[in-house]
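*Asks:* As input, take model-v3.txt (compact mmCIF, C-alpha atoms):
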```
# COMPACT_ATOMS: atom_id res chain seq x y z
CA MET A 1497 -27.74 -6.72 -42.90
CA ARG A 1498 -29.92 -8.74 -40.53
CA HIS A 1499 -26.96 -10.96 -39.71
CA MET A 1500 -24.91 -7.91 -38.75
CA VAL A 1501 -27.66 -6.47 -36.52
CA THR A 1502 -27.96 -9.82 -34.74
CA ALA A 1503 -24.20 -9.97 -34.28
CA LEU A 1504 -23.96 -6.48 -32.81
CA SER A 1505 -26.88 -7.09 -30.44
CA GLY A 1506 -24.65 -9.34 -28.35
CA LEU A 1507 -22.20 -6.52 -27.62
CA LEU A 1508 -24.21 -4.78 -24.90
CA GLY A 1509 -23.33 -1.37 -23.51
CA GLU A 1510 -23.28 2.33 -24.31
CA SER A 1511 -19.81 3.29 -23.10
CA PRO A 1512 -17.52 4.93 -25.70
CA ALA A 1513 -15.13 1.96 -25.54
CA ILE A 1514 -17.72 -0.69 -26.45
CA MET A 1515 -19.41 1.59 -28.99
CA ALA A 1516 -16.05 1.96 -30.75
CA VAL A 1517 -15.79 -1.84 -30.96
CA ARG A 1518 -19.30 -2.10 -32.41
CA ASP A 1519 -18.50 0.57 -34.98
CA GLN A 1520 -15.32 -1.24 -36.00
CA VAL A 1521 -17.22 -4.54 -36.33
CA ALA A 1522 -19.88 -2.88 -38.49
CA ARG A 1523 -17.26 -1.41 -40.83
CA LEU A 1524 -15.55 -4.80 -41.17
CA LEU A 1525 -18.75 -6.74 -41.83
CA ARG A 1526 -20.27 -4.11 -44.12
CA PRO A 1527 -17.48 -2.39 -46.05
CA PRO A 1528 -18.39 0.51 -48.39
CA THR A 1529 -17.24 -1.47 -51.44
CA GLY A 1530 -19.53 -4.41 -50.73
CA ARG A 1531 -18.82 -7.92 -49.45
CA LEU A 1532 -15.14 -8.81 -49.23
CA ARG A 1533 -13.89 -11.62 -51.44
CA ARG A 1534 -12.26 -13.18 -48.41
CA PRO A 1535 -12.21 -12.09 -44.76
CA PRO A 1536 -8.94 -10.81 -43.29
CA SER A 1537 -7.25 -12.40 -40.30
CA VAL A 1538 -8.51 -10.88 -37.05
CA LEU A 1539 -6.80 -10.57 -33.68
CA ILE A 1540 -8.85 -9.82 -30.55
CA LEU A 1541 -6.97 -8.44 -27.54
CA GLY A 1542 -8.21 -8.00 -24.00
CA GLU A 1543 -7.99 -9.20 -20.43
CA THR A 1544 -9.44 -12.50 -19.34
CA GLY A 1545 -13.23 -12.40 -19.14
CA THR A 1546 -13.79 -9.29 -21.28
CA GLY A 1547 -15.83 -11.15 -23.92
CA LYS A 1548 -13.28 -12.00 -26.61
CA GLY A 1549 -15.08 -15.24 -27.42
CA LEU A 1550 -18.42 -13.42 -27.65
CA LEU A 1551 -16.90 -10.97 -30.12
CA ALA A 1552 -15.50 -13.82 -32.22
CA GLU A 1553 -18.94 -15.47 -32.39
CA SER A 1554 -20.51 -12.11 -33.24
CA LEU A 1555 -18.08 -11.69 -36.14
CA HIS A 1556 -18.95 -15.15 -37.41
CA ARG A 1557 -22.73 -14.66 -37.12
CA GLY A 1558 -22.59 -11.29 -38.84
CA SER A 1559 -20.40 -12.45 -41.74
CA GLY A 1560 -21.22 -14.31 -44.92
CA ARG A 1561 -19.94 -17.45 -43.21
CA ALA A 1562 -22.76 -17.59 -40.67
CA SER A 1563 -24.13 -20.78 -42.26
CA GLY A 1564 -20.74 -22.49 -41.89
CA PRO A 1565 -19.21 -24.01 -38.75
CA PHE A 1566 -17.78 -21.99 -35.89
CA VAL A 1567 -14.94 -24.00 -34.34
CA ASP A 1568 -13.62 -22.77 -30.98
CA VAL A 1569 -10.13 -23.95 -29.97
CA ASN A 1570 -8.44 -23.03 -26.70
CA CYS A 1571 -4.73 -23.29 -27.47
CA ALA A 1572 -3.87 -23.38 -23.75
CA ALA A 1573 -6.26 -26.24 -22.93
CA ILE A 1574 -4.91 -28.87 -25.35
CA PRO A 1575 -1.60 -30.57 -24.46
CA GLU A 1576 1.24 -29.50 -26.74
CA THR A 1577 1.83 -33.09 -27.87
CA MET A 1578 -1.75 -33.32 -29.15
CA LEU A 1579 -2.30 -29.78 -30.39
CA GLU A 1580 -0.52 -30.24 -33.73
CA ALA A 1581 -2.56 -33.31 -34.63
CA GLU A 1582 -5.80 -31.62 -33.50
CA LEU A 1583 -5.18 -28.51 -35.58
CA PHE A 1584 -3.68 -29.97 -38.76
CA GLY A 1585 -5.00 -33.55 -38.73
CA PHE A 1586 -3.02 -36.68 -39.54
CA GLU A 1587 -2.77 -39.54 -42.00
CA ARG A 1588 -3.01 -43.19 -41.16
CA GLY A 1589 0.26 -44.46 -39.67
CA ALA A 1590 1.59 -40.97 -38.97
CA PHE A 1591 2.27 -42.04 -35.38
CA THR A 1592 1.44 -44.80 -32.95
CA ASP A 1593 -2.32 -45.46 -32.71
CA ALA A 1594 -3.01 -43.45 -35.89
CA ARG A 1595 -5.06 -46.31 -37.31
CA GLN A 1596 -7.03 -44.11 -39.67
CA ALA A 1597 -6.72 -40.65 -41.14
CA LYS A 1598 -8.41 -37.75 -39.36
CA PRO A 1599 -9.01 -34.19 -40.58
CA GLY A 1600 -7.74 -31.39 -38.39
CA LEU A 1601 -9.79 -28.53 -36.97
CA PHE A 1602 -8.68 -26.28 -39.82
CA GLN A 1603 -10.46 -28.62 -42.23
CA VAL A 1604 -13.43 -29.13 -39.90
CA ALA A 1605 -13.95 -25.34 -39.94
CA SER A 1606 -13.89 -25.20 -43.76
CA GLY A 1607 -16.42 -22.70 -45.04
CA GLY A 1608 -16.71 -21.14 -41.59
CA THR A 1609 -14.57 -19.65 -38.84
CA LEU A 1610 -11.77 -21.09 -36.73
CA PHE A 1611 -11.41 -19.24 -33.43
CA LEU A 1612 -7.98 -19.73 -31.85
CA ASP A 1613 -8.37 -18.56 -28.26
CA GLU A 1614 -5.25 -17.81 -26.17
CA ILE A 1615 -3.17 -17.89 -29.32
CA GLY A 1616 -0.41 -16.05 -27.45
CA LEU A 1617 0.36 -19.32 -25.61
CA LEU A 1618 0.85 -21.32 -28.81
CA PRO A 1619 4.25 -23.12 -28.77
CA LEU A 1620 6.90 -21.66 -31.06
CA GLY A 1621 7.10 -24.82 -33.15
CA LEU A 1622 3.41 -24.63 -34.01
CA GLN A 1623 3.61 -20.89 -34.62
CA SER A 1624 5.78 -21.51 -37.69
CA LYS A 1625 3.30 -24.08 -39.03
CA LEU A 1626 0.38 -21.74 -38.39
CA LEU A 1627 2.22 -19.01 -40.27
CA ARG A 1628 2.52 -21.28 -43.29
CA VAL A 1629 -1.19 -22.09 -43.17
CA VAL A 1630 -2.12 -18.40 -42.99
CA GLU A 1631 0.23 -17.44 -45.83
CA GLU A 1632 -0.43 -20.34 -48.18
CA ARG A 1633 -4.10 -20.90 -47.28
CA SER A 1634 -3.51 -24.62 -47.32
CA VAL A 1635 -2.86 -27.31 -44.74
CA ARG A 1636 -0.89 -30.54 -44.79
CA ARG A 1637 -1.76 -33.29 -42.33
CA LEU A 1638 0.84 -35.00 -40.19
CA GLY A 1639 2.35 -37.81 -42.23
CA GLY A 1640 0.88 -36.37 -45.42
CA THR A 1641 2.74 -35.62 -48.64
CA ARG A 1642 0.50 -32.94 -50.15
CA SER A 1643 -1.18 -29.77 -49.00
CA GLU A 1644 -4.92 -29.29 -49.30
CA PRO A 1645 -6.51 -25.90 -50.04
CA LEU A 1646 -8.19 -24.22 -47.10
CA ASP A 1647 -11.23 -21.97 -46.92
CA VAL A 1648 -11.48 -20.78 -43.33
CA TRP A 1649 -11.64 -17.44 -41.52
CA ILE A 1650 -8.95 -17.36 -38.83
CA VAL A 1651 -9.80 -15.29 -35.76
CA GLY A 1652 -7.29 -15.28 -32.89
CA ALA A 1653 -7.59 -13.92 -29.37
CA THR A 1654 -5.23 -13.51 -26.45
CA SER A 1655 -4.91 -11.85 -23.06
CA GLU A 1656 -1.12 -11.76 -23.48
CA ASP A 1657 0.85 -8.66 -24.45
CA LEU A 1658 1.95 -9.90 -27.87
CA VAL A 1659 4.17 -6.89 -28.54
CA ALA A 1660 6.16 -7.71 -25.40
CA ALA A 1661 6.09 -11.40 -26.34
CA VAL A 1662 7.57 -10.55 -29.74
CA ARG A 1663 10.35 -8.54 -28.08
CA ALA A 1664 11.03 -11.45 -25.73
CA ARG A 1665 11.06 -13.85 -28.72
CA ARG A 1666 8.18 -15.84 -27.28
CA PHE A 1667 5.98 -15.05 -30.27
CA ARG A 1668 6.97 -14.78 -33.93
CA GLU A 1669 6.87 -11.26 -35.26
CA ASP A 1670 5.91 -12.36 -38.77
CA LEU A 1671 2.97 -14.39 -37.41
CA TYR A 1672 1.85 -11.45 -35.27
CA HIS A 1673 1.67 -9.16 -38.31
CA ARG A 1674 -0.14 -11.83 -40.33
CA LEU A 1675 -2.79 -12.29 -37.63
CA ALA A 1676 -3.22 -8.62 -36.71
CA VAL A 1677 -4.52 -7.44 -40.09
CA VAL A 1678 -7.59 -6.22 -38.19
CA THR A 1679 -7.26 -5.82 -34.41
CA PHE A 1680 -10.02 -5.39 -31.86
CA ARG A 1681 -9.44 -4.48 -28.23
CA MET A 1682 -12.12 -5.54 -25.76
CA PRO A 1683 -12.12 -2.98 -22.93
CA PRO A 1684 -11.94 -4.19 -19.31
CA LEU A 1685 -15.16 -3.79 -17.36
CA ARG A 1686 -13.69 -1.14 -15.04
CA GLU A 1687 -13.31 1.17 -18.07
CA ARG A 1688 -16.95 0.90 -19.13
CA GLY A 1689 -18.59 3.16 -16.54
CA ASP A 1690 -22.38 2.81 -16.38
CA ASP A 1691 -22.22 -0.30 -18.56
CA ILE A 1692 -21.43 -2.21 -15.36
CA VAL A 1693 -24.94 -1.63 -13.98
CA ARG A 1694 -26.54 -2.23 -17.41
CA LEU A 1695 -24.77 -5.55 -17.77
CA ALA A 1696 -25.53 -6.49 -14.16
CA GLU A 1697 -29.24 -5.90 -14.76
CA HIS A 1698 -29.06 -7.96 -17.95
CA PHE A 1699 -27.30 -10.91 -16.26
CA LEU A 1700 -29.57 -10.75 -13.21
CA ALA A 1701 -32.73 -10.81 -15.36
CA ARG A 1702 -31.34 -13.69 -17.41
CA ALA A 1703 -30.44 -15.72 -14.32
CA CYS A 1704 -33.88 -15.19 -12.78
CA GLU A 1705 -35.52 -16.29 -16.04
CA ASP A 1706 -33.27 -19.34 -16.46
CA TYR A 1707 -33.97 -20.58 -12.91
CA GLY A 1708 -37.64 -19.63 -12.90
CA LEU A 1709 -37.23 -17.03 -10.16
CA ALA A 1710 -39.12 -13.79 -9.57
CA PRO A 1711 -37.45 -10.71 -11.11
CA LYS A 1712 -35.05 -8.83 -8.85
CA THR A 1713 -33.70 -5.29 -8.80
CA PHE A 1714 -30.81 -3.40 -7.18
CA ALA A 1715 -30.89 -1.09 -4.18
CA PRO A 1716 -28.94 2.19 -4.53
CA ASP A 1717 -26.05 0.92 -2.38
CA ALA A 1718 -25.83 -2.19 -4.57
CA ARG A 1719 -25.42 0.00 -7.67
CA GLU A 1720 -22.68 1.97 -5.94
CA SER A 1721 -20.93 -1.23 -4.95
CA LEU A 1722 -21.10 -2.55 -8.52
CA CYS A 1723 -19.49 0.61 -9.89
CA ALA A 1724 -16.82 0.79 -7.18
CA TYR A 1725 -15.57 -2.79 -7.47
CA PRO A 1726 -12.64 -3.13 -9.98
CA TRP A 1727 -13.90 -6.44 -11.48
CA PRO A 1728 -10.60 -8.24 -12.08
CA GLY A 1729 -12.54 -11.09 -13.71
CA ASN A 1730 -14.38 -8.60 -15.93
CA VAL A 1731 -17.72 -9.51 -17.57
CA ARG A 1732 -17.38 -13.20 -16.75
CA GLU A 1733 -17.03 -12.42 -13.05
CA LEU A 1734 -20.00 -10.04 -13.17
CA ALA A 1735 -22.20 -12.72 -14.74
CA ASN A 1736 -21.19 -15.23 -12.05
CA VAL A 1737 -21.89 -12.76 -9.22
CA MET A 1738 -25.36 -12.00 -10.63
CA GLU A 1739 -26.19 -15.69 -10.98
CA ARG A 1740 -25.12 -16.37 -7.40
CA ALA A 1741 -27.08 -13.40 -6.08
CA ALA A 1742 -30.20 -14.49 -7.95
CA LEU A 1743 -29.99 -17.95 -6.39
CA LEU A 1744 -29.03 -17.09 -2.81
CA ALA A 1745 -30.84 -13.81 -2.11
CA ASP A 1746 -34.49 -14.16 -1.08
CA ALA A 1747 -35.29 -10.45 -1.27
CA ARG A 1748 -36.64 -8.89 -4.45
CA THR A 1749 -34.29 -5.92 -4.02
CA LEU A 1750 -30.62 -6.77 -3.77
CA THR A 1751 -28.41 -4.74 -1.44
CA ALA A 1752 -24.63 -4.34 -1.50
CA GLU A 1753 -24.33 -6.86 1.33
CA MET A 1754 -26.26 -9.46 -0.67
CA LEU A 1755 -23.89 -9.07 -3.61
CA GLY A 1756 -20.98 -10.04 -1.35
CA LEU A 1757 -18.32 -8.00 -3.14
CA PRO A 1758 -15.05 -7.56 -1.19
CA ALA A 1759 -15.31 -4.37 0.84
CA ALA A 1760 -11.60 -3.55 0.58
CA ALA A 1761 -11.64 -3.77 -3.19
CA SER A 1762 -14.88 -1.83 -3.54
CA ALA A 1763 -13.54 1.10 -1.52
CA ALA A 1764 -11.68 2.47 -4.52
CA THR A 1765 -13.73 4.02 -7.29
CA PRO A 1766 -12.90 3.30 -10.92
CA THR A 1767 -11.52 6.82 -11.33
CA GLU A 1768 -9.13 6.58 -8.41
CA SER A 1769 -5.67 5.38 -9.29
CA THR A 1770 -4.01 3.25 -6.65
CA ALA A 1771 -0.91 2.83 -8.78
CA ASP A 1772 2.18 4.92 -8.54
CA PRO A 1773 1.79 7.69 -11.16
CA ALA A 1774 5.49 7.41 -11.88
CA ASP A 1775 4.92 3.93 -13.29
CA GLY A 1776 3.70 5.31 -16.60
CA HIS A 1777 0.84 2.82 -17.02
CA GLU A 1778 -2.83 2.58 -16.17
CA PRO A 1779 -4.09 0.80 -13.02
CA GLY A 1780 -4.85 -2.84 -13.71
CA ASP A 1781 -2.35 -3.14 -16.58
CA LEU A 1782 -1.07 -6.69 -16.07
CA GLY A 1783 1.32 -7.08 -18.96
CA ARG A 1784 4.48 -9.05 -18.19
CA GLU A 1785 6.71 -5.96 -18.12
CA HIS A 1786 4.45 -4.04 -15.73
CA VAL A 1787 4.04 -7.02 -13.39
CA VAL A 1788 7.79 -7.67 -13.27
CA GLU A 1789 8.49 -3.96 -12.74
CA ALA A 1790 6.03 -3.75 -9.83
CA LEU A 1791 7.40 -6.92 -8.21
CA ARG A 1792 10.99 -5.73 -8.45
CA ALA A 1793 10.10 -2.29 -7.10
CA THR A 1794 8.40 -3.84 -4.06
CA ALA A 1795 10.92 -6.68 -3.50
CA TRP A 1796 8.18 -9.18 -4.39
CA ASN A 1797 5.78 -7.94 -1.71
CA ILE A 1798 2.51 -9.10 -3.30
CA SER A 1799 0.29 -6.70 -1.36
CA ARG A 1800 2.37 -3.64 -2.21
CA ALA A 1801 2.82 -4.74 -5.83
CA ALA A 1802 -0.95 -5.25 -6.18
CA ARG A 1803 -1.60 -1.75 -4.83
CA ARG A 1804 1.01 -0.38 -7.22
CA LEU A 1805 -0.76 -2.08 -10.15
CA GLY A 1806 -4.23 -1.17 -8.87
CA VAL A 1807 -5.56 -4.76 -8.68
CA PRO A 1808 -6.52 -7.18 -5.87
CA ARG A 1809 -3.83 -9.48 -4.44
CA ASN A 1810 -5.47 -12.66 -5.75
CA THR A 1811 -5.58 -11.23 -9.26
CA LEU A 1812 -1.86 -10.50 -9.13
CA ARG A 1813 -1.10 -13.97 -7.72
CA TYR A 1814 -3.05 -15.56 -10.58
CA ARG A 1815 -1.23 -13.42 -13.10
CA ILE A 1816 2.19 -14.30 -11.63
CA GLU A 1817 1.35 -17.99 -11.90
CA LYS A 1818 0.05 -17.60 -15.44
CA LEU A 1819 3.17 -15.73 -16.56
CA GLY A 1820 5.40 -18.37 -14.92
CA LEU A 1821 7.32 -15.85 -12.84
CA ASP A 1822 9.57 -17.19 -10.07
CA GLU A 1823 10.49 -15.19 -7.01
CA PRO A 1824 14.26 -14.57 -6.74
CA ALA A 1825 15.91 -16.19 -3.71
CA ALA A 1826 17.23 -12.87 -2.37
CA ALA A 1827 13.77 -11.26 -2.52
CA SER A 1828 12.23 -14.31 -0.87
CA GLU A 1829 14.75 -14.11 1.99
CA ARG A 1830 14.08 -10.41 2.57
CA ARG A 1831 10.30 -10.90 2.42
CA ARG A 1832 10.45 -13.61 5.09
CA GLY A 1833 12.29 -11.24 7.36
CA GLY A 1834 15.63 -12.96 7.14
CA ARG A 1835 18.83 -11.00 7.25
CA PRO A 1836 20.53 -10.40 3.97
CA ARG A 1837 23.68 -12.31 3.31
CA ALA A 1838 26.53 -10.92 5.41
CA THR A 1839 28.89 -8.68 3.57
CA PRO A 1840 32.60 -9.39 3.87
CA ALA A 1841 34.11 -8.01 7.12
CA ALA A 1842 36.26 -4.95 6.91
CA ALA A 1843 39.92 -5.68 6.39
CA PRO A 1844 42.00 -5.66 9.63
CA PRO A 1845 44.26 -2.66 10.17
CA ALA A 1846 47.61 -2.89 8.48
CA ALA A 1847 50.52 -4.30 10.55
CA PRO A 1848 53.03 -1.74 11.83
CA PRO A 1849 56.15 -1.37 9.66
CA ALA A 1850 59.08 -3.68 10.39
CA GLN A 1851 61.78 -2.36 12.74
CA TRP A 1852 65.43 -3.55 12.45
CA GLU A 1853 67.55 -4.27 15.53
CA THR A 1854 71.09 -5.71 16.05
CA ARG A 1855 71.53 -9.04 17.89
CA ARG A 1856 74.58 -11.22 18.59
CA ALA A 1857 74.69 -14.77 17.29
CA ALA A 1858 77.01 -17.57 18.55
CA LEU A 1859 78.30 -20.29 16.23
CA LEU A 1860 79.44 -23.74 17.40
CA ARG A 1861 81.70 -25.79 15.16
CA VAL A 1862 81.84 -29.57 15.76
CA SER A 1863 84.31 -31.89 13.99
CA LEU A 1864 83.69 -35.67 14.06
CA ARG A 1865 86.48 -38.10 13.39
CA GLU A 1866 86.04 -41.82 12.79
CA HIS A 1867 87.52 -43.88 15.66
CA LEU A 1868 88.83 -47.25 14.68
CA GLY A 1869 89.19 -49.81 17.36
CA ARG A 1870 92.36 -51.86 17.63
CA THR A 1871 92.42 -55.60 16.98
```
Would you put the structure from the file into structure tokens?
*Replies:*
Amino acid sequence: MRHMVTALSGLLGESPAIMAVRDQVARLLRPPTGRLRRPPSVLILGETGTGKGLLAESLHRGSGRASGPFVDVNCAAIPETMLEAELFGFERGAFTDARQAKPGLFQVASGGTLFLDEIGLLPLGLQSKLLRVVEERSVRRLGGTRSEPLDVWIVGATSEDLVAAVRARRFREDLYHRLAVVTFRMPPLRERGDDIVRLAEHFLARACEDYGLAPKTFAPDARESLCAYPWPGNVRELANVMERAALLADARTLTAEMLGLPAAASAATPTESTADPADGHEPGDLGREHVVEALRATAWNISRAARRLGVPRNTLRYRIEKLGLDEPAAASERRRGGRPRATPAAAPPAAPPAQWETRRAALLRVSLREHLGRT
């Protein structure tokens, strides 16, 4: 029970969205029938910076595996050529420079939790091997001939739209269902209302304490600015802004100007939708389908597409790069102001119909005879 209380204490906030997450965590960690024989696979969804890693650690600390290791793996940070060996381990001689056997991170996390962050970016080849590990609860090292039993809690997280990725065949459907036995959704900061100020006060107090600075507070205009800004970087961005303000502001009361939030972005309140209501999605929804739809509708005009999605331009640019989207040549030409490719010219008018007329023709007949000279 104490483990669970400690775990939930890290999920700060009183908004309905975060309270729903805490309630779901409590029901998972303390089921009515008592402790589970084994923990189910968990999938945590949410935008970048919403606290998916914090939730994964909270689950580990509140579970019966708190005394075991918590191994955090960012699937997008390890090169694909090394990821398989890192996850599953290898035997001596499995490849060049494999001079001795090495256990993989699945085995390192034995008795604890393995957190696979950005699992939506896992290559397809490794997805099939991960599926086998999840189903068989065993792992076989590279170059090995036998599988070893595995006792590890697998918790995955991603900012990708896995349902769309499954439809696009970028993520295995069977693996998705295996991982999403229990699913948590971390709400974006813009959906958490007054939690923004609560979290800002928490991060500001923590930064002042860490750096040995005098406590600071917010002026009324600073609170308004905090609530008006859309926070594309979510909780992580908020923590960074508070740390910077604690270090650079000399005043004990921070104003909106001292926070340095973009004025253009803070002009829209969280309840105002800057997206086209005909889009059928919420502002700030940056799934692949919504981003592509907005870009096509605006002929790849980043500013207009960002307004349509309800996010800042830089956030949309980052998302485009992360999704690997390429601007079509025709859209690029139109955006630069060039003329579209010329259409074929209209066909010339048909020639007038032929007219027959009578003309005289003269024929000349010439006959050539061989002339033989006399001897």
*Asks:* In Å to one decimal, how far is CA of Lys1548 in chain A from CA of Ala1653 in chain A?
*Replies:*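 Interatomic distance, CA of Ala1653 in chain A to CA of Lys1548 in chain A: 6.6 Å.
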*Asks:* Taking all atoms listed in the file into account, which of A:Glu1582, A:Glu1720, A:Glu1576, A:Asp1691 comes nearest Pro1599 in chain A?
*Replies:* A:Glu1582
*Asks:* Report, in Å with one decimal, the straight-line distance from CA of Ser1511 in chain A to CA of Cys1723 in chain A.
*Replies:*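 Between CA of Ser1511 in chain A and CA of Cys1723 in chain A the gap works out to 13.5 Å.
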*Asks:* Just want the 9 Å neighbourhood of range 1756-1758 of chain A, counted on only C-alpha atoms, with same-chain residues fewer than 5 positions away dropped. Output as a PDB file with C-alpha atoms, in the frame of the given file.
*Replies:*
```pdb
ATOM      1  CA  SER A1721     -20.930  -1.230  -4.950  1.00  0.00           C
ATOM      2  CA  LEU A1722     -21.100  -2.550  -8.520  1.00  0.00           C
ATOM      3  CA  TYR A1725     -15.570  -2.790  -7.470  1.00  0.00           C
ATOM      4  CA  VAL A1737     -21.890 -12.760  -9.220  1.00  0.00           C
ATOM      5  CA  ALA A1741     -27.080 -13.400  -6.080  1.00  0.00           C
ATOM      6  CA  ALA A1763     -13.540   1.100  -1.520  1.00  0.00           C
TER       7      ALA A1763
END
```
*Asks:* Which residue out of A:Glu1580, A:Asp1519, A:Glu1739, A:Glu1817 has the minimum interatomic distance to Arg1636 in chain A when all atoms listed in the file are used?
*Replies:*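 Between A:Glu1580, A:Asp1519, A:Glu1739, A:Glu1817, the residue approaching Arg1636 in chain A most closely is A:Glu1580.
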*Asks:* Separation of CA of Ala1573 in chain A and CA of Phe1699 in chain A, in Å?
*Replies:* 26.9 Å
*Asks:* Can you tell me, as JSON, numbers by chain, what residues are no more than 12 Å from Val1567 in chain A when counting all atoms listed in the file, ignoring any on the same chain fewer than 4 positions away?
*Replies:* {"A": [1549, 1552, 1553, 1556, 1562, 1582, 1583, 1600, 1601, 1602, 1603, 1604, 1605, 1606, 1607, 1608, 1609, 1610, 1611, 1612, 1613, 1648, 1649, 1650, 1651, 1652]}
*Asks:* Hey, which of A:Glu1644, A:Arg1637, A:Leu1617, A:Gly1585 ends up closest to Gly1820 in chain A? Count only C-alpha atoms.
*Replies:*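 With only C-alpha atoms as the atom set, the closest residue is A:Leu1617.
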*Asks:* Quick one: residues within 12 Å of range 1659-1673 of chain A, only C-alpha atoms, excluding same-chain residues fewer than 5 positions away - as a ChimeraX atom specification?
*Replies:* /A:1536-1541,1615-1631,1652-1654,1678-1679,1782-1786,1819
